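Novice: Structure below; questions to follow.
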There are 2 protein chains.
Amino acid sequence: MIVARTLAELRAARAAVSGTVGLVPTMGALHDGHRTLLDHARADNDAVVATIFVNPAQFGPNEDFSAYPRTVEADLATFERAGVDIAFTPLTAEVYPPGFQTTVEVEHVSQGLEGGRRPGHFKGVATVVAKLFNMAQPTTAYFGQKDAQQVVVIRRMAADLNFPTDIAVIPTQREADGLALSSRNRYLTPAECAAAPVIYRALTAAGEMYAAGERHPDALRATMQAVLASEPLGRVDYVSLADPVTLRELDTPTDAPMLASLTVQIGQPRLLDNALFPLHLNTRAGLTQTLGKT
Amino acid sequence: MIVARTLAELRAARAAVSGTVGLVPTMGALHDGHRTLLDHARADNDAVVATIFVNPAQFGPNEDFSAYPRTVEADLATFERAGVDIAFTPLTAEVYPPGFQTTVEVEHVSQGLEGGRRPGHFKGVATVVAKLFNMAQPTTAYFGQKDAQQVVVIRRMAADLNFPTDIAVIPTQREADGLALSSRNRYLTPAECAAAPVIYRALTAAGEMYAAGERHPDALRATMQAVLASEPLGRVDYVSLADPVTLRELDTPTDAPMLASLTVQIGQPRLLDNALFPLHLNTRAGLTQTLGKT
């Protein structure tokens, strides 16, 4: 595995590989969700580029940029075990040199949900992903469905700007109790950790109502709210039921797929999770088919 | 020459060429300035892609989008004579399909000069150029120094977003009397055409003062203003002396290169022109060296 720390090193390493290239962009602090992205990239491609970059442009002034967990040595060992060919771990000044002033914005789908609570977040995400695409020139880039709005923003950006890169969306990886893997789970106390699976229970309860024929968004949202209300350690931020492509909040019944997403603060971290209804769509093929209508 | 009208046709034609690729993006209404861009692209590369697309996103609501001259058949003949391999002439809906919502913005250098008078213009330019880069995947893209601020915006965008594309800047082509070639010159009456070279005389008068040792921006601007004031048909919009890379207006003497740019309305069209001081920098090598410090 080549470890590139500068853009020049990455370009040289990239120029030396041929065939298909998979890109797995990460902020490090890797868990088994990232490992699954790496495994898909490895299985699909002739070469794999993986990056570790905690992107300051996607953190707000009161967010956890400086406290975001950094475990670079362990992350590089994970890359190596996963068969990554090129690891890219640039310094901030390599990505944002003096005079940098260009931004990429995906206007509508960046607005609500996380974007509403984190102004500028998805502008920072779209900009750094556009840069990484141009740096690594991947055939396919891999993102986790765990960050559902991010997936929609990046798919839209890649389509709108005509990047010659496919976006692969990989299902959320979970603990045995259903808790979605996240780098921020490490901040949960044992009691909070025991409480956190309520999020997945809320999603599956609504998903089962959907399977039983319920189609009214208000009823499905009410079910998620009721399950979440049963857990005193959780403070609900939002519960959304939206069109999976446009992210417009649904207010009338529909037989089209729905994206249920919610955010709950449990202890220090805000925990995000989501599921497509019907639940059988939460596979790589189902996600690709449902989100692919951009 | 392959004429691609859809993105799929362009991608197929692009995939069939190998080696270096030069891209010449145009809005059509070609003149000898465009022909010079095509000649440089042809001389430098294994293959040449040239595009004709009047980009609605870079026209303001009160500008001349629908009236912009369209001469596609003659333009394709020019491409053919210049040895273009692939011509791309997409419909607007091919470039901006329903649901399109992504923009690229180069924040600081888009602000003043033309950007100050045409809000959103350079956002439209940066967005479509990013799209064309991803569509055509050129080794080098060719732009005319005639649109000096556009060149700065595009160079900055390409560097900031790490496009694997070099930007070649080609000197402004002129009539024998010094008038810069422009698609909008066709709107000049014979009397206005005779008056228009006052713009180039203003630039050269200040350039000669610079050569004689004058370094104060106010003195150089005053010379340009005085020459322009001698022509009653011209209405000066602005006269600028700025840093060629940051486009910050200069207010103190400097020995570094300066970008003199000005806009004068003569009859219907607003005519733009510019020159680097010292004047000997207005060559392809001089422009590349001076602007390359992004």
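Each chain of the structure tokens is named A, B, ... in the order shown, its residues numbered from 1; ligands are numbered from 1 in display order.
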Kindly provide, as a list in words, the residues of chain A having any atom no farther than 7 Å from an atom of chain B, counting only C-alpha atoms.
Specialist: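 Per the criterion, chain A yields Phe100, Gln101, Thr102, Thr103, Val104, Glu105, Val106, Glu107, His108, Ala130, Lys131, Asn134, Met135, Met157, Asp160, Leu161, Asn162, Phe163 and Pro164 of chain A.
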Novice: Just N, CA and C atoms for this one: save the residues we selected as an mmCIF file, in the first residue's frame.
Specialist:
data_model
loop_
_atom_site.group_PDB
_atom_site.id
_atom_site.type_symbol
_atom_site.label_atom_id
_atom_site.label_comp_id
_atom_site.auth_asym_id
_atom_site.auth_seq_id
_atom_site.Cartn_x
_atom_site.Cartn_y
_atom_site.Cartn_z
ATOM 1 N N PHE A 100 -7.381 29.703 -1.688
ATOM 2 C CA PHE A 100 -8.513 28.832 -2.036
ATOM 3 C C PHE A 100 -9.825 29.596 -1.854
ATOM 4 N N GLN A 101 -10.756 29.486 -2.816
ATOM 5 C CA GLN A 101 -11.984 30.286 -2.728
ATOM 6 C C GLN A 101 -13.137 29.728 -3.549
ATOM 7 N N THR A 102 -13.087 28.455 -3.893
ATOM 8 C CA THR A 102 -14.132 27.880 -4.745
ATOM 9 C C THR A 102 -15.024 26.952 -3.936
ATOM 10 N N THR A 103 -16.329 27.046 -4.141
ATOM 11 C CA THR A 103 -17.265 26.170 -3.443
ATOM 12 C C THR A 103 -18.223 25.529 -4.441
ATOM 13 N N VAL A 104 -18.675 24.338 -4.070
ATOM 14 C CA VAL A 104 -19.682 23.621 -4.844
ATOM 15 C C VAL A 104 -20.910 23.506 -3.959
ATOM 16 N N GLU A 105 -22.051 23.888 -4.497
ATOM 17 C CA GLU A 105 -23.267 23.874 -3.693
ATOM 18 C C GLU A 105 -24.382 23.149 -4.448
ATOM 19 N N VAL A 106 -25.029 22.231 -3.739
ATOM 20 C CA VAL A 106 -26.191 21.526 -4.286
ATOM 21 C C VAL A 106 -27.394 22.148 -3.582
ATOM 22 N N GLU A 107 -28.143 22.968 -4.317
ATOM 23 C CA GLU A 107 -28.945 23.972 -3.643
ATOM 24 C C GLU A 107 -30.133 23.407 -2.867
ATOM 25 N N HIS A 108 -31.017 22.649 -3.484
ATOM 26 C CA HIS A 108 -32.269 22.284 -2.809
ATOM 27 C C HIS A 108 -32.094 21.163 -1.795
ATOM 28 N N ALA A 130 -16.044 16.867 -4.563
ATOM 29 C CA ALA A 130 -15.672 17.237 -5.938
ATOM 30 C C ALA A 130 -14.156 17.252 -6.081
ATOM 31 N N LYS A 131 -13.464 17.817 -5.078
ATOM 32 C CA LYS A 131 -11.999 17.854 -5.111
ATOM 33 C C LYS A 131 -11.423 16.429 -5.103
ATOM 34 N N ASN A 134 -11.705 14.738 -8.406
ATOM 35 C CA ASN A 134 -10.708 15.190 -9.375
ATOM 36 C C ASN A 134 -9.297 14.735 -9.003
ATOM 37 N N MET A 135 -9.044 14.608 -7.719
ATOM 38 C CA MET A 135 -7.715 14.137 -7.293
ATOM 39 C C MET A 135 -7.516 12.660 -7.640
ATOM 40 N N MET A 157 -24.812 16.038 -6.993
ATOM 41 C CA MET A 157 -23.627 16.791 -7.423
ATOM 42 C C MET A 157 -22.903 16.065 -8.556
ATOM 43 N N ASP A 160 -25.136 16.333 -11.651
ATOM 44 C CA ASP A 160 -25.261 17.705 -12.171
ATOM 45 C C ASP A 160 -23.955 18.200 -12.796
ATOM 46 N N LEU A 161 -22.832 17.848 -12.189
ATOM 47 C CA LEU A 161 -21.541 18.310 -12.728
ATOM 48 C C LEU A 161 -20.937 17.297 -13.702
ATOM 49 N N ASN A 162 -21.683 16.239 -14.020
ATOM 50 C CA ASN A 162 -21.253 15.284 -15.050
ATOM 51 C C ASN A 162 -19.939 14.580 -14.732
ATOM 52 N N PHE A 163 -19.692 14.339 -13.429
ATOM 53 C CA PHE A 163 -18.477 13.580 -13.103
ATOM 54 C C PHE A 163 -18.551 12.188 -13.741
ATOM 55 N N PRO A 164 -17.456 11.716 -14.315
ATOM 56 C CA PRO A 164 -17.440 10.380 -14.922
ATOM 57 C C PRO A 164 -17.228 9.310 -13.855
#
Novice: So which residues touch range 263-278 of chain B within 9 Å, counting only C-alpha atoms, skipping near sequence neighbours fewer than 5 positions away, as a VMD selection string?
Specialist: chain B and resid 113 to 114 145 to 148 172 179 to 180 182 184 to 185 187 to 189 192 to 193 195 to 196 199 to 200 203 to 204 206 to 208 210 to 211 228 233 to 239 244 256 to 258 287 290
Novice: Nearest to Ser230 in chain B: which of B:Ala202, B:Tyr68, B:Arg118, B:Arg14 is it, counting only C-alpha atoms?
Specialist: B:Ala202
Novice: Enumerate as JSON, numbers by chain all residues of range 56-105 of chain B assigned to strand (DSSP E) by DSSP on the backbone, naming them with the chain letters and numbers the document uses.
Specialist: {"B": [86, 87, 88, 102, 103, 104, 105]}
Novice: Just want the 12 Å neighbourhood of Arg81 in chain A, counted on only C-alpha atoms, with same-chain residues fewer than 2 positions away dropped. Output as a list of chain:residue names.
Specialist: A:Met1, A:Arg35, A:Leu38, A:Asp39, A:Arg42, A:Ala74, A:Asp75, A:Leu76, A:Ala77, A:Thr78, A:Phe79, A:Gly83, A:Val84, A:Asp85
Novice: Any idea what's packed within 8 Å of Ala29 in chain B, counting only C-alpha atoms, ignoring anything in its chain fewer than 3 positions away? Could you give it as number ranges by chain?
Specialist: B: 69-72, 75, 183
Novice: Run DSSP on the backbone of this structure and report the residues of range 56-260 of chain A it assigns to alpha helix (DSSP H), as a ChimeraX atom specification.
Specialist: /A:72-81,92-95,113-117,121-136,148-160,190-195,198-211,217-229
Novice: Using CA of Thr140 in chain B and CA of Ala16 in chain B as the two end points, give the distance in Å to one decimal.
Specialist: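 Atom-to-atom, CA of Thr140 in chain B to CA of Ala16 in chain B, that is 17.8 Å.
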Novice: Kindly indicate which residue among B:Thr223, B:Ser66, B:Thr26, B:Thr252 lies nearest to Thr51 in chain B, using only C-alpha atoms for the distances.
Specialist: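 Counting only C-alpha atoms, the residue closest to Thr51 in chain B is B:Thr26.
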Novice: Of the candidates A:Asp243, A:Leu91, A:Leu291, A:Leu262, which shows the shortest atom-to-atom distance to Arg221 in chain A, using only C-alpha atoms?
Specialist: A:Leu262
Novice: What's around Phe143 in chain B at 8 Å? Count only C-alpha atoms, leave out sequence neighbours fewer than 3 positions away in its own chain, and write the answer as JSON, numbers by chain.
Specialist: {"B": [24, 25, 37, 151, 167, 168, 169, 170]}
Novice: Using Å and a single decimal, report how far CA of Asp166 in chain B sits from CA of Asp44 in chain B.
Specialist: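 Straight-line distance from CA of Asp44 in chain B to CA of Asp166 in chain B works out to 11.9 Å.
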